[in-house]
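Text of structure02.txt (compact mmCIF, C-alpha atoms and all ligand atoms) as supplied:
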```txt
# COMPACT_ATOMS: atom_id res chain seq x y z
CA MET K 1 0.00 0.00 0.00
CA ALA K 2 1.20 3.50 -0.81
CA ASN K 3 1.85 6.69 1.12
CA ILE K 4 0.07 9.50 -0.71
CA LEU K 5 0.00 13.27 -0.23
CA ILE K 6 -2.94 15.17 -1.74
CA VAL K 7 -2.39 18.88 -2.36
CA GLY K 8 -5.54 21.02 -2.16
CA SER K 9 -8.52 21.63 0.08
CA GLY K 10 -11.78 21.32 -1.86
CA GLY K 11 -14.48 18.76 -2.57
CA ARG K 12 -12.36 17.31 -5.38
CA GLU K 13 -9.51 16.60 -2.97
CA SER K 14 -11.96 15.05 -0.45
CA ALA K 15 -13.24 12.68 -3.15
CA LEU K 16 -9.68 11.70 -4.09
CA GLU K 17 -8.87 11.14 -0.41
CA TRP K 18 -11.98 9.00 0.10
CA LYS K 19 -11.23 6.77 -2.91
CA LEU K 20 -7.55 6.31 -2.05
CA ASN K 21 -8.44 5.53 1.60
CA GLU K 22 -10.99 2.98 0.37
CA GLU K 23 -8.20 1.32 -1.58
CA GLY K 24 -6.22 0.95 1.66
CA HIS K 25 -3.55 3.62 1.13
CA THR K 26 -2.31 6.06 3.76
CA VAL K 27 -3.37 9.52 2.67
CA TRP K 28 -2.12 12.90 3.90
CA THR K 29 -3.51 16.26 2.86
CA ALA K 30 -1.92 19.69 2.45
CA PRO K 31 -3.79 21.65 3.61
CA GLY K 32 -7.03 19.56 3.41
CA ASN K 33 -10.34 20.68 4.95
CA GLY K 34 -12.50 19.93 7.99
CA GLY K 35 -13.31 16.46 6.68
CA SER K 36 -9.71 15.39 6.02
CA THR K 37 -8.07 12.93 8.38
CA ASN K 38 -4.29 13.44 8.15
CA ARG K 39 -4.05 17.18 7.68
CA MET K 40 -0.70 18.83 7.33
CA GLY K 41 -0.65 22.52 8.11
CA ILE K 42 1.01 23.20 4.76
CA LYS K 43 -0.33 25.60 2.16
CA GLU K 44 -0.67 24.33 -1.40
CA SER K 45 1.66 27.14 -2.53
CA ASP K 46 4.47 26.13 -0.12
CA PHE K 47 6.40 23.79 -2.44
CA THR K 48 9.42 23.67 -0.09
CA ALA K 49 7.35 22.39 2.84
CA ILE K 50 5.48 19.95 0.58
CA GLY K 51 8.81 18.62 -0.71
CA ASP K 52 10.30 18.31 2.79
CA PHE K 53 7.22 16.55 4.11
CA SER K 54 7.18 14.15 1.14
CA GLU K 55 10.79 13.20 1.81
CA GLN K 56 10.29 12.77 5.56
CA LYS K 57 7.22 10.54 5.11
CA ALA K 58 8.62 8.68 2.08
CA ILE K 59 5.57 9.72 0.06
CA ASP K 60 5.10 7.43 -2.96
CA LEU K 61 2.95 9.85 -4.91
CA VAL K 62 1.97 13.51 -4.56
CA VAL K 63 -1.44 14.11 -6.16
CA VAL K 64 -2.02 17.76 -7.04
CA GLY K 65 -5.70 18.77 -7.02
CA PRO K 66 -5.96 22.43 -8.11
CA GLU K 67 -4.54 24.22 -11.14
CA ALA K 68 -2.68 27.05 -9.39
CA PRO K 69 0.22 24.97 -7.98
CA LEU K 70 0.49 23.09 -11.30
CA ALA K 71 0.70 26.35 -13.26
CA ALA K 72 3.30 27.57 -10.76
CA GLY K 73 5.50 24.51 -11.35
CA ILE K 74 4.95 22.23 -8.32
CA THR K 75 5.47 19.13 -10.46
CA ASP K 76 8.85 20.33 -11.78
CA ARG K 77 10.00 21.37 -8.28
CA LEU K 78 9.10 18.08 -6.60
CA ARG K 79 10.34 15.91 -9.45
CA SER K 80 13.71 17.67 -9.27
CA LYS K 81 13.95 16.22 -5.74
CA GLY K 82 13.08 12.74 -7.00
CA ILE K 83 9.47 12.84 -5.72
CA ARG K 84 6.77 11.24 -7.89
CA VAL K 85 3.95 13.62 -8.78
CA PHE K 86 0.59 13.10 -10.47
CA GLY K 87 0.02 16.27 -12.48
CA PRO K 88 1.51 18.01 -15.51
CA THR K 89 4.66 20.12 -15.58
CA LYS K 90 4.49 23.92 -15.61
CA GLU K 91 4.96 24.01 -19.39
CA ALA K 92 2.25 21.41 -19.97
CA ALA K 93 -0.08 23.18 -17.51
CA GLN K 94 -0.14 26.11 -19.99
CA LEU K 95 -3.07 24.27 -21.57
CA GLU K 96 -5.16 25.64 -18.70
CA ALA K 97 -3.03 28.55 -17.50
CA SER K 98 -3.09 30.33 -20.88
CA LYS K 99 -6.22 30.41 -23.01
CA VAL K 100 -4.14 31.92 -25.83
CA PHE K 101 -1.65 29.04 -25.65
CA ALA K 102 -4.50 26.52 -25.75
CA TYR K 103 -6.18 28.30 -28.67
CA GLU K 104 -3.01 28.52 -30.73
CA LEU K 105 -2.28 24.84 -30.09
CA MET K 106 -5.80 23.87 -31.15
CA GLU K 107 -5.55 25.98 -34.30
CA LYS K 108 -2.29 24.31 -35.30
CA ALA K 109 -3.63 20.84 -34.52
CA GLY K 110 -6.97 21.37 -36.28
CA ILE K 111 -8.91 20.69 -33.06
CA PRO K 112 -12.53 21.89 -33.24
CA THR K 113 -12.87 25.07 -31.16
CA PRO K 114 -14.73 28.36 -31.72
CA SER K 115 -12.63 30.66 -33.92
CA SER K 116 -11.04 33.46 -31.91
CA ALA K 117 -8.92 36.59 -32.17
CA VAL K 118 -6.16 37.43 -29.68
CA PHE K 119 -5.93 40.97 -28.19
CA SER K 120 -3.71 42.78 -25.74
CA SER K 121 -5.42 46.18 -25.93
CA ILE K 122 -8.99 46.86 -24.87
CA THR K 123 -9.17 49.78 -27.31
CA ASP K 124 -8.37 47.46 -30.23
CA ALA K 125 -10.81 44.88 -28.90
CA ALA K 126 -13.57 47.48 -28.50
CA ASP K 127 -12.99 48.68 -32.10
CA TYR K 128 -13.15 45.09 -33.32
CA LEU K 129 -16.43 44.47 -31.47
CA ARG K 130 -17.99 47.73 -32.72
CA ARG K 131 -17.06 46.83 -36.31
CA SER K 132 -18.18 43.19 -36.16
CA TRP K 133 -21.20 43.11 -33.83
CA LYS K 134 -24.42 42.51 -35.76
CA GLU K 135 -27.51 44.10 -34.27
CA GLY K 136 -29.68 41.56 -32.42
CA GLU K 137 -27.08 38.77 -32.49
CA LYS K 138 -25.16 37.29 -29.60
CA GLU K 139 -21.97 36.33 -31.27
CA TYR K 140 -18.96 36.74 -29.04
CA VAL K 141 -17.41 35.51 -25.81
CA ILE K 142 -14.51 37.30 -24.09
CA LYS K 143 -11.92 35.15 -22.30
CA ALA K 144 -9.04 36.37 -20.14
CA ASP K 145 -5.82 34.55 -20.96
CA GLY K 146 -4.68 33.65 -17.45
CA LEU K 147 -6.08 31.74 -14.47
CA ALA K 148 -9.08 33.56 -13.01
CA GLN K 149 -10.83 31.00 -10.74
CA GLY K 150 -13.75 30.68 -13.11
CA LYS K 151 -14.24 34.46 -13.38
CA GLY K 152 -12.35 35.02 -16.63
CA VAL K 153 -15.08 34.25 -19.18
CA PHE K 154 -17.66 36.88 -20.16
CA VAL K 155 -20.71 36.07 -22.28
CA PRO K 156 -22.29 39.40 -23.32
CA ASP K 157 -25.70 39.53 -24.99
CA THR K 158 -25.32 43.04 -26.44
CA LEU K 159 -22.51 45.21 -27.77
CA GLU K 160 -22.91 47.52 -24.75
CA GLU K 161 -22.49 44.57 -22.37
CA ALA K 162 -19.44 43.44 -24.31
CA LEU K 163 -17.80 46.86 -24.03
CA ASP K 164 -18.58 46.95 -20.28
CA ASP K 165 -17.18 43.42 -19.88
CA LEU K 166 -13.88 44.50 -21.44
CA VAL K 167 -13.53 47.23 -18.84
CA THR K 168 -14.62 44.99 -15.95
CA MET K 169 -12.18 42.28 -17.04
CA HIS K 170 -9.36 44.79 -17.24
CA GLU K 171 -10.15 46.23 -13.79
CA LYS K 172 -10.80 42.95 -11.95
CA LEU K 173 -8.21 40.73 -13.63
CA PRO K 174 -5.37 43.05 -14.65
CA THR K 175 -2.76 40.28 -14.82
CA ALA K 176 -4.92 37.49 -16.21
CA SER K 177 -6.24 39.80 -18.94
CA GLU K 178 -2.95 41.21 -20.22
CA ARG K 179 -3.88 39.16 -23.25
CA PHE K 180 -7.38 37.92 -24.00
CA LEU K 181 -9.46 36.21 -26.65
CA ILE K 182 -12.64 37.24 -28.35
CA SER K 183 -14.21 33.99 -29.48
CA ARG K 184 -17.27 33.13 -31.52
CA ARG K 185 -20.16 32.13 -29.32
CA VAL K 186 -21.38 28.60 -29.95
CA TYR K 187 -24.47 26.92 -28.62
CA GLY K 188 -25.33 23.53 -27.15
CA PRO K 189 -25.04 21.60 -23.90
CA GLU K 190 -21.69 21.59 -22.12
CA VAL K 191 -20.08 18.36 -20.97
CA SER K 192 -16.88 17.59 -19.09
CA VAL K 193 -14.64 14.78 -20.29
CA LEU K 194 -11.70 13.70 -18.12
CA ALA K 195 -8.88 11.55 -19.45
CA PHE K 196 -5.80 10.06 -17.84
CA VAL K 197 -2.97 10.94 -20.24
CA ASP K 198 0.55 9.50 -19.92
CA GLY K 199 2.29 11.35 -22.77
CA LYS K 200 1.45 8.63 -25.34
CA ASP K 201 -1.80 6.93 -24.42
CA TYR K 202 -4.99 7.86 -22.64
CA VAL K 203 -8.02 6.42 -20.90
CA LEU K 204 -11.35 8.22 -20.57
CA LEU K 205 -13.45 8.44 -17.41
CA PRO K 206 -17.25 8.53 -17.77
CA ALA K 207 -18.34 11.91 -19.14
CA SER K 208 -20.20 14.21 -16.78
CA GLN K 209 -22.15 17.46 -16.85
CA ASP K 210 -21.45 20.30 -14.44
CA HIS K 211 -23.96 23.04 -13.51
CA LYS K 212 -21.93 26.20 -13.40
CA ARG K 213 -24.49 28.92 -12.70
CA ILE K 214 -25.64 29.72 -9.18
CA GLY K 215 -29.25 29.46 -10.33
CA ARG K 216 -30.48 32.71 -8.83
CA ARG K 217 -32.75 34.85 -10.93
CA ALA K 218 -32.04 38.50 -11.60
CA SER K 219 -35.24 39.42 -9.74
CA GLY K 220 -33.70 38.25 -6.49
CA LEU K 221 -32.92 35.18 -4.49
CA VAL K 222 -35.00 32.15 -5.30
CA PRO K 223 -34.50 29.90 -2.25
CA TYR K 224 -33.50 26.83 -4.22
CA GLY K 225 -32.83 28.27 -7.63
CA ARG K 226 -33.84 26.41 -10.73
CA GLY K 227 -32.33 26.77 -14.15
CA ASP K 228 -29.11 28.03 -15.60
CA VAL K 229 -29.32 31.64 -14.53
CA GLY K 230 -27.25 33.95 -12.38
CA LYS K 231 -23.55 34.17 -11.79
CA ASN K 232 -20.97 31.60 -12.74
CA THR K 233 -19.59 29.52 -9.86
CA GLY K 234 -16.92 26.85 -9.51
CA GLY K 235 -19.72 24.34 -10.15
CA MET K 236 -22.96 23.69 -8.23
CA GLY K 237 -23.40 19.99 -9.00
CA ALA K 238 -22.68 17.34 -11.59
CA TYR K 239 -23.93 13.98 -12.75
CA ALA K 240 -22.35 11.08 -14.63
CA PRO K 241 -22.44 9.46 -17.04
CA THR K 242 -24.23 12.01 -19.18
CA PRO K 243 -26.37 10.85 -22.12
CA LEU K 244 -25.47 14.12 -23.85
CA PHE K 245 -22.02 12.77 -24.68
CA TYR K 246 -21.74 9.95 -27.21
CA HIS K 247 -18.78 11.26 -29.14
CA GLU K 248 -15.95 9.16 -27.72
CA SER K 249 -14.22 8.44 -30.99
CA GLU K 250 -14.46 12.06 -32.25
CA VAL K 251 -12.95 13.26 -29.00
CA ALA K 252 -10.31 10.54 -28.85
CA ASN K 253 -9.10 10.96 -32.42
CA GLY K 254 -9.93 14.61 -33.05
CA ILE K 255 -8.94 16.19 -29.73
CA ILE K 256 -6.95 14.13 -27.23
CA GLY K 257 -4.70 12.39 -29.77
CA PRO K 258 -3.77 15.71 -31.48
CA VAL K 259 -3.13 17.40 -28.09
CA ILE K 260 -0.71 14.62 -27.13
CA GLU K 261 1.04 14.85 -30.50
CA ARG K 262 1.44 18.63 -30.39
CA MET K 263 2.64 18.65 -26.80
CA ASN K 264 5.23 16.03 -27.71
CA ALA K 265 6.25 17.97 -30.82
CA ARG K 266 7.05 21.01 -28.63
CA LYS K 267 8.91 18.72 -26.20
CA THR K 268 6.50 19.44 -23.35
CA PRO K 269 4.75 16.06 -23.07
CA TYR K 270 1.41 16.04 -21.30
CA GLY K 271 0.97 13.76 -18.30
CA GLY K 272 -1.86 13.81 -15.77
CA ILE K 273 -5.57 14.46 -16.09
CA LEU K 274 -6.68 16.30 -19.19
CA TYR K 275 -10.10 17.87 -18.68
CA LEU K 276 -11.96 18.81 -21.85
CA GLY K 277 -14.67 21.42 -21.39
CA LEU K 278 -16.78 20.68 -24.46
CA MET K 279 -19.84 22.20 -26.03
CA ILE K 280 -21.86 19.70 -28.03
CA THR K 281 -22.88 21.84 -31.01
CA ASP K 282 -24.90 20.80 -34.06
CA GLU K 283 -21.56 20.29 -35.82
CA GLY K 284 -20.23 18.03 -33.03
CA PRO K 285 -18.08 18.66 -29.94
CA GLN K 286 -16.09 21.91 -29.77
CA VAL K 287 -13.46 22.56 -27.10
CA LEU K 288 -14.31 25.55 -24.92
CA GLU K 289 -11.41 25.03 -22.54
CA PHE K 290 -8.80 22.60 -21.32
CA ASN K 291 -8.12 22.10 -17.64
CA VAL K 292 -5.11 20.23 -16.33
CA ARG K 293 -6.72 18.57 -13.30
CA PHE K 294 -9.84 16.74 -12.19
CA GLY K 295 -13.05 18.79 -12.38
CA ASP K 296 -14.73 19.89 -9.16
CA PRO K 297 -17.55 18.79 -8.66
CA GLU K 298 -17.37 16.46 -11.69
CA ILE K 299 -14.96 14.06 -9.99
CA GLN K 300 -17.19 13.84 -6.91
CA ALA K 301 -19.80 12.28 -9.23
CA VAL K 302 -17.35 10.19 -11.28
CA LEU K 303 -15.18 8.59 -8.57
CA PRO K 304 -17.98 6.73 -6.75
CA LEU K 305 -18.69 5.04 -10.12
CA LEU K 306 -15.12 3.82 -10.51
CA ASP K 307 -14.50 0.16 -9.69
CA SER K 308 -10.86 0.20 -10.78
CA SER K 309 -8.06 1.36 -8.52
CA LEU K 310 -7.54 5.12 -8.78
CA TYR K 311 -4.01 4.69 -7.49
CA GLU K 312 -3.19 2.23 -10.26
CA ALA K 313 -4.58 4.59 -12.90
CA MET K 314 -2.51 7.47 -11.50
CA GLU K 315 0.62 5.34 -11.14
CA ARG K 316 0.31 4.06 -14.72
CA THR K 317 -0.16 7.66 -15.87
CA VAL K 318 3.00 8.79 -14.13
CA GLU K 319 4.98 5.80 -15.40
CA GLY K 320 3.73 5.98 -19.00
CA LYS K 321 1.93 2.63 -18.77
CA LEU K 322 -1.63 3.36 -19.87
CA SER K 323 -1.29 1.37 -23.07
CA GLY K 324 -3.83 -1.47 -23.06
CA TYR K 325 -5.23 -0.37 -19.69
CA HIS K 326 -9.00 -0.22 -19.10
CA LEU K 327 -10.99 1.34 -16.30
CA ARG K 328 -13.91 -0.60 -14.85
CA THR K 329 -16.96 1.41 -13.83
CA LYS K 330 -20.12 0.42 -11.94
CA PRO K 331 -23.26 0.10 -14.09
CA LYS K 332 -24.82 2.95 -12.09
CA HIS K 333 -25.48 6.67 -12.21
CA ALA K 334 -24.19 9.33 -9.86
CA VAL K 335 -25.59 12.76 -9.00
CA ASN K 336 -23.61 15.26 -6.98
CA VAL K 337 -25.21 18.31 -5.37
CA VAL K 338 -23.08 21.14 -3.98
CA LEU K 339 -24.23 22.83 -0.76
CA ALA K 340 -23.05 26.42 -0.75
CA SER K 341 -23.02 29.32 1.69
CA GLY K 342 -25.82 31.83 0.93
CA GLY K 343 -24.27 34.71 -1.01
CA TYR K 344 -21.70 32.56 -2.86
CA PRO K 345 -20.11 33.27 -5.39
CA ASP K 346 -20.07 36.82 -3.94
CA LYS K 347 -19.91 37.69 -0.26
CA TYR K 348 -20.94 35.09 2.29
CA THR K 349 -20.57 34.49 6.03
CA LYS K 350 -18.42 31.69 7.45
CA GLY K 351 -18.51 29.89 10.79
CA TYR K 352 -22.06 28.51 10.87
CA PRO K 353 -22.40 25.09 12.57
CA ILE K 354 -23.33 22.21 10.24
CA SER K 355 -25.80 19.56 11.44
CA GLY K 356 -27.03 16.25 10.05
CA LEU K 357 -23.74 15.16 8.50
CA GLU K 358 -23.64 11.74 10.15
CA GLU K 359 -27.24 11.02 9.25
CA ALA K 360 -26.46 11.73 5.60
CA GLU K 361 -23.13 9.89 5.62
CA PHE K 362 -24.68 6.69 6.96
CA MET K 363 -27.27 6.47 4.20
CA PRO K 364 -26.52 3.72 1.68
CA ASP K 365 -25.30 4.89 -1.73
CA VAL K 366 -24.47 8.35 -0.36
CA PHE K 367 -21.06 10.04 -0.26
CA VAL K 368 -20.61 13.30 1.60
CA PHE K 369 -17.49 15.19 0.56
CA HIS K 370 -16.29 18.16 2.60
CA ALA K 371 -15.03 21.32 0.85
CA GLY K 372 -15.30 24.67 2.70
CA THR K 373 -15.55 23.19 6.20
CA GLU K 374 -13.57 23.32 9.44
CA ARG K 375 -13.99 21.30 12.60
CA ASN K 376 -13.56 22.32 16.23
CA ASP K 377 -10.57 21.26 18.34
CA GLU K 378 -12.29 18.11 19.61
CA GLY K 379 -13.07 17.25 15.99
CA LEU K 380 -16.72 16.63 16.78
CA GLU K 381 -18.42 19.68 15.31
CA PHE K 382 -18.15 21.08 11.83
CA TYR K 383 -18.47 24.69 10.69
CA THR K 384 -18.81 26.40 7.33
CA ALA K 385 -15.53 27.88 6.13
CA GLY K 386 -15.97 28.54 2.42
CA GLY K 387 -18.34 29.24 -0.48
CA ARG K 388 -18.82 25.66 -1.60
CA VAL K 389 -19.23 23.91 1.76
CA LEU K 390 -20.08 20.29 0.99
CA SER K 391 -20.85 18.16 -2.01
CA VAL K 392 -23.14 15.20 -1.69
CA THR K 393 -23.27 12.33 -4.18
CA GLY K 394 -26.06 9.80 -4.55
CA LEU K 395 -25.73 6.61 -6.58
CA GLY K 396 -28.59 4.77 -8.25
CA VAL K 397 -29.31 2.22 -10.94
CA THR K 398 -31.12 4.98 -12.83
CA LEU K 399 -30.28 8.66 -13.11
CA GLU K 400 -33.62 9.49 -11.44
CA SER K 401 -32.92 7.23 -8.46
CA ALA K 402 -29.40 8.66 -8.09
CA GLN K 403 -30.89 12.16 -8.12
CA LYS K 404 -33.52 11.18 -5.52
CA ARG K 405 -30.87 9.64 -3.28
CA ALA K 406 -28.62 12.71 -3.49
CA TYR K 407 -31.43 15.10 -2.55
CA GLU K 408 -32.66 12.80 0.27
CA ALA K 409 -29.17 13.04 1.74
CA VAL K 410 -28.95 16.80 1.16
CA GLU K 411 -32.18 17.26 3.12
CA LYS K 412 -30.59 15.66 6.21
CA ILE K 413 -27.93 18.39 6.34
CA ARG K 414 -28.46 21.94 7.58
CA PHE K 415 -26.51 25.13 8.13
CA GLN K 416 -27.61 28.73 8.26
CA ASP K 417 -28.20 30.40 4.88
CA TRP K 418 -27.48 27.18 3.04
CA TYR K 419 -28.15 27.13 -0.67
CA TYR K 420 -28.24 24.48 -3.37
CA ARG K 421 -29.73 23.96 -6.80
CA VAL K 422 -32.69 21.60 -7.01
CA ASP K 423 -32.27 20.75 -10.68
CA ILE K 424 -28.97 18.89 -10.84
CA ALA K 425 -29.17 16.15 -13.51
CA GLU K 426 -32.50 17.26 -14.94
CA THR K 427 -30.97 17.97 -18.34
CA GLY K 428 -29.63 14.40 -18.29
CA ILE K 429 -32.98 12.93 -17.28
CA GLU K 430 -34.65 14.81 -20.16
CA HIS K 431 -32.26 13.16 -22.61
CA LEU K 432 -32.15 9.62 -21.25
CA ASP K 433 -33.24 8.23 -24.61
CA LEU K 434 -29.74 9.09 -25.84
CA LEU K 435 -28.20 6.62 -23.38
CA ASP K 436 -28.91 3.72 -25.74
CA SER K 437 -26.65 5.26 -28.35
CA MET K 438 -23.80 5.81 -25.88
CA PRO K 439 -20.66 3.74 -26.16
CA LYS K 440 -19.90 2.01 -22.87
CA PRO K 441 -18.15 4.42 -20.51
CA SER K 442 -15.10 2.27 -19.98
CA GLY K 443 -11.51 2.90 -20.96
CA PHE K 444 -10.67 4.09 -24.45
CA PRO K 445 -6.98 3.49 -24.85
CA LYS K 446 -5.26 4.42 -28.07
CA VAL K 447 -1.65 3.92 -28.98
CA LEU K 448 -0.34 6.69 -31.15
CA PRO K 449 1.79 5.71 -34.12
N1 LIG C 501 -16.34 22.33 -12.54
C1 LIG C 501 -15.51 23.09 -13.35
C2 LIG C 501 -14.07 22.95 -13.14
O1 LIG C 501 -13.63 22.11 -12.38
O2 LIG C 501 -13.33 23.69 -13.75
```

Write-out of the structure in C-alpha cells:
Amino acid sequence: MANILIVGSGGRESALEWKLNEEGHTVWTAPGNGGSTNRMGIKESDFTAIGDFSEQKAIDLVVVGPEAPLAAGITDRLRSKGIRVFGPTKEAAQLEASKVFAYELMEKAGIPTPSSAVFSSITDAADYLRRSWKEGEKEYVIKADGLAQGKGVFVPDTLEEALDDLVTMHEKLPTASERFLISRRVYGPEVSVLAFVDGKDYVLLPASQDHKRIGRRASGLVPYGRGDVGKNTGGMGAYAPTPLFYHESEVANGIIGPVIERMNARKTPYGGILYLGLMITDEGPQVLEFNVRFGDPEIQAVLPLLDSSLYEAMERTVEGKLSGYHLRTKPKHAVNVVLASGGYPDKYTKGYPISGLEEAEFMPDVFVFHAGTERNDEGLEFYTAGGRVLSVTGLGVTLESAQKRAYEAVEKIRFQDWYYRVDIAETGIEHLDLLDSMPKPSGFPKVLP
C-alpha cells in the first residue's frame, strides 16, 4: 500500500482522499479541509514544505488537485527532488493557465474550437467588437488569458455589455487579462470529459455534466434556484455518465490524440488528467477550454462510479503505462449536489455550525465530501468555512434514483443560509433516450503511431 499526499482543500480533494483511503492507502492532505483525516498545516503554494514533508514521510505519490500549484510549477520542483507527482509540468499546464496558448495549439492541430482573435489592448478589442457586432445577435465571448478562478469568461448579450465586460475584465483581472481572446459564441449543452494521459496513451473516465451557474434569478434570491441563470460559480453539481455525450471516438481521435502529439512535438509532453470542457454543437463537440486537473464537482460524481483502482490509474499515468489499460466502472449513475453558503459566489458568512452530516453519511449509496468546512478542536463539530461547503453524491441504478438519493441526503444536512440547486441532472434525465446510443463508458486506450 502506498503513502500519498494530496495537495488542495476542496471537494475534489476530499473525493480523491476518500477513494484512495478505500483502496487501503495512507493519505495525507496539504492543507485539506474539515473532513480530512491526516491534515498537514502546509499551504498548497508552499512547495518547499510539501517537498520536505514528502521526503520525511517517504511519500510514494503527490497528487495535485488544483490548477494554481500546477501552473506555478509544483510538479517540476518536486520531481527535481526525485518525488513522484501526479500532475503536468508547468509548461504542460499552460493548456489551462493560458487560453491563448490553448487556442493557438488547437488551431495548429486542427482541433474543433470556436474561432477566436487574440488581443492585448482593450481599445483594439472594442474597435473590433464595434465593427463586427451585428444588431440583435449574440456572437462573441470574451476570455481572459490567465487563471481567473472561473471568473475570466464573459458572455455578453449586447454590444454595450461586451464593451462593459472589457472594462470589468481589465479592472478585476489586470494580470490574467494582459492578453485575451474574443471567441465566436457557440451553442449547445456543455459536458466535461476527463482523461488520464501519460504522454502517449490515454483512458477516458465517464463523461459528466457540471452546472456552473448559481441558479439565482435577476429578480432576487429564489430559495432553491432552478435553471441556468445567475452568476458563474466553480460548479454547483454534476452527474455522470451524461447521455449528452456519445462522441468518444471524435474526442479521442480529433482532440486528445492531437493534443498529445502537439505537446510532444514542442517537447512538453502532457501527463496527468486532461479535462476537456466541451460544447456539443450541431456540428459536433467543440473545445471551450482545457483544464489540467480533475473537475470539481465532476470528480465527486465520477469517482464513486469507478470500480478500478484510482491509485493504479494514476501510477500508470506517471509511469507511462496506460497502453492497453481499461478502467472498470459500476453500471450505475451518480448525481452530486453542492451545498453552498448563501451569497456565494459573492460575499458570504463563514462559521455557521453544520448539522445532520452523520445522518447523511450513513445512508446507503451516499457520499458526503467536505469542501469549505472546518472542525472544532475536539473534531466533533463542523463549521462552514468557504463558499462551496459540501458536495453530496447519490448513486442509483437509474439517473432518477441517483438524483432522488442525493437530494434525500442533502435534506438531512443543515446550516444557516445554506443554498443548493434543485435541478442537478434534470438535463440528463430529459435526454435519457440518448443513453442507448452511448458507447460504454469504460476505458478508451489508443496507442499513437
Ligand atoms: N467544474 C468546473 C471545473 O472544475 O473547472

Determine the axis-aligned bounding box of all atoms of ligand LIG 501 (chain C) present in the file, pad each side by 3 Å, and express its centre and edge lengths in Å to one decimal place as JSON.
```
{"center_x": -14.8, "center_y": 22.9, "center_z": -13.1, "size_x": 9.0, "size_y": 7.6, "size_z": 7.4}
```

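Atom pair atom CA of Gly146 of chain K / atom CA of Ser98 of chain K has a distance of 5.0 Å (rounded to one decimal).
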
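Between atom CA of Trp18 of chain K and atom CA of Phe47 of chain K the interatomic distance comes to 23.7 Å.
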
- Task: For ligand LIG 501 (chain C), collect every residue having any atom at a distance of at most 9 Å from a ligand atom (counting all atoms listed in the file); output as JSON, numbers by chain.
- Result: {"K": [12, 66, 149, 150, 192, 209, 210, 211, 212, 233, 234, 235, 236, 237, 238, 275, 277, 290, 291, 293, 294, 295, 296, 297, 298, 299]}

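With only C-alpha atoms as the basis for measurement, K:Glu44 is the residue among K:Glu44, K:Glu55, K:Glu359, K:Glu135 that approaches Pro69 of chain K most closely.
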
- Task: Determine, counting only C-alpha atoms, which protein, DNA and RNA residues have an atom within 7 Å of an atom of Ala207 of chain K; residues of the same chain fewer than 2 positions away are not included. Present the result as a ChimeraX atom specification.
- Result: /K:191-194,205,240-242,245

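The residue that comes closest to Glu319 of chain K, out of K:Leu61, K:Ile424, K:Leu181, K:Val389 and on the basis of all atoms listed in the file, is K:Leu61.
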
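Here atom CA of Glu96 of chain K stands at a distance of 11.5 Å from atom CA of Ile273 of chain K.
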
- Mind checking which residues fall within 10 Å of segment 261-267 of chain K, counting only C-alpha atoms, ignoring those fewer than 3 positions away in the same chain, and posting them as JSON, numbers by chain? {"K": [91, 92, 95, 105, 106, 108, 109, 199, 200, 256, 257, 258, 270, 271, 448, 449]}

- Looking at K:Val141, K:Val100, K:Val153, K:Ile429, which one is nearest to His333 of chain K, with distances taken over all atoms listed in the file? K:Ile429

- Task: Pick out the residues sitting within 9 Å of Val155 of chain K, and hand them over as a list of chain:residue names; count all atoms listed in the file, and ignore anything fewer than 4 positions along from it in its own chain.
- Result: K:Lys138, K:Tyr140, K:Val141, K:Ile142, K:Lys143, K:Glu161, K:Ala162, K:Asp165, K:Arg185

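Restricting the calculation to only C-alpha atoms, the smallest distance between Tyr246 of chain K and any of K:Leu395, K:Ile42, K:Val366, K:Leu432 is found for K:Leu432.
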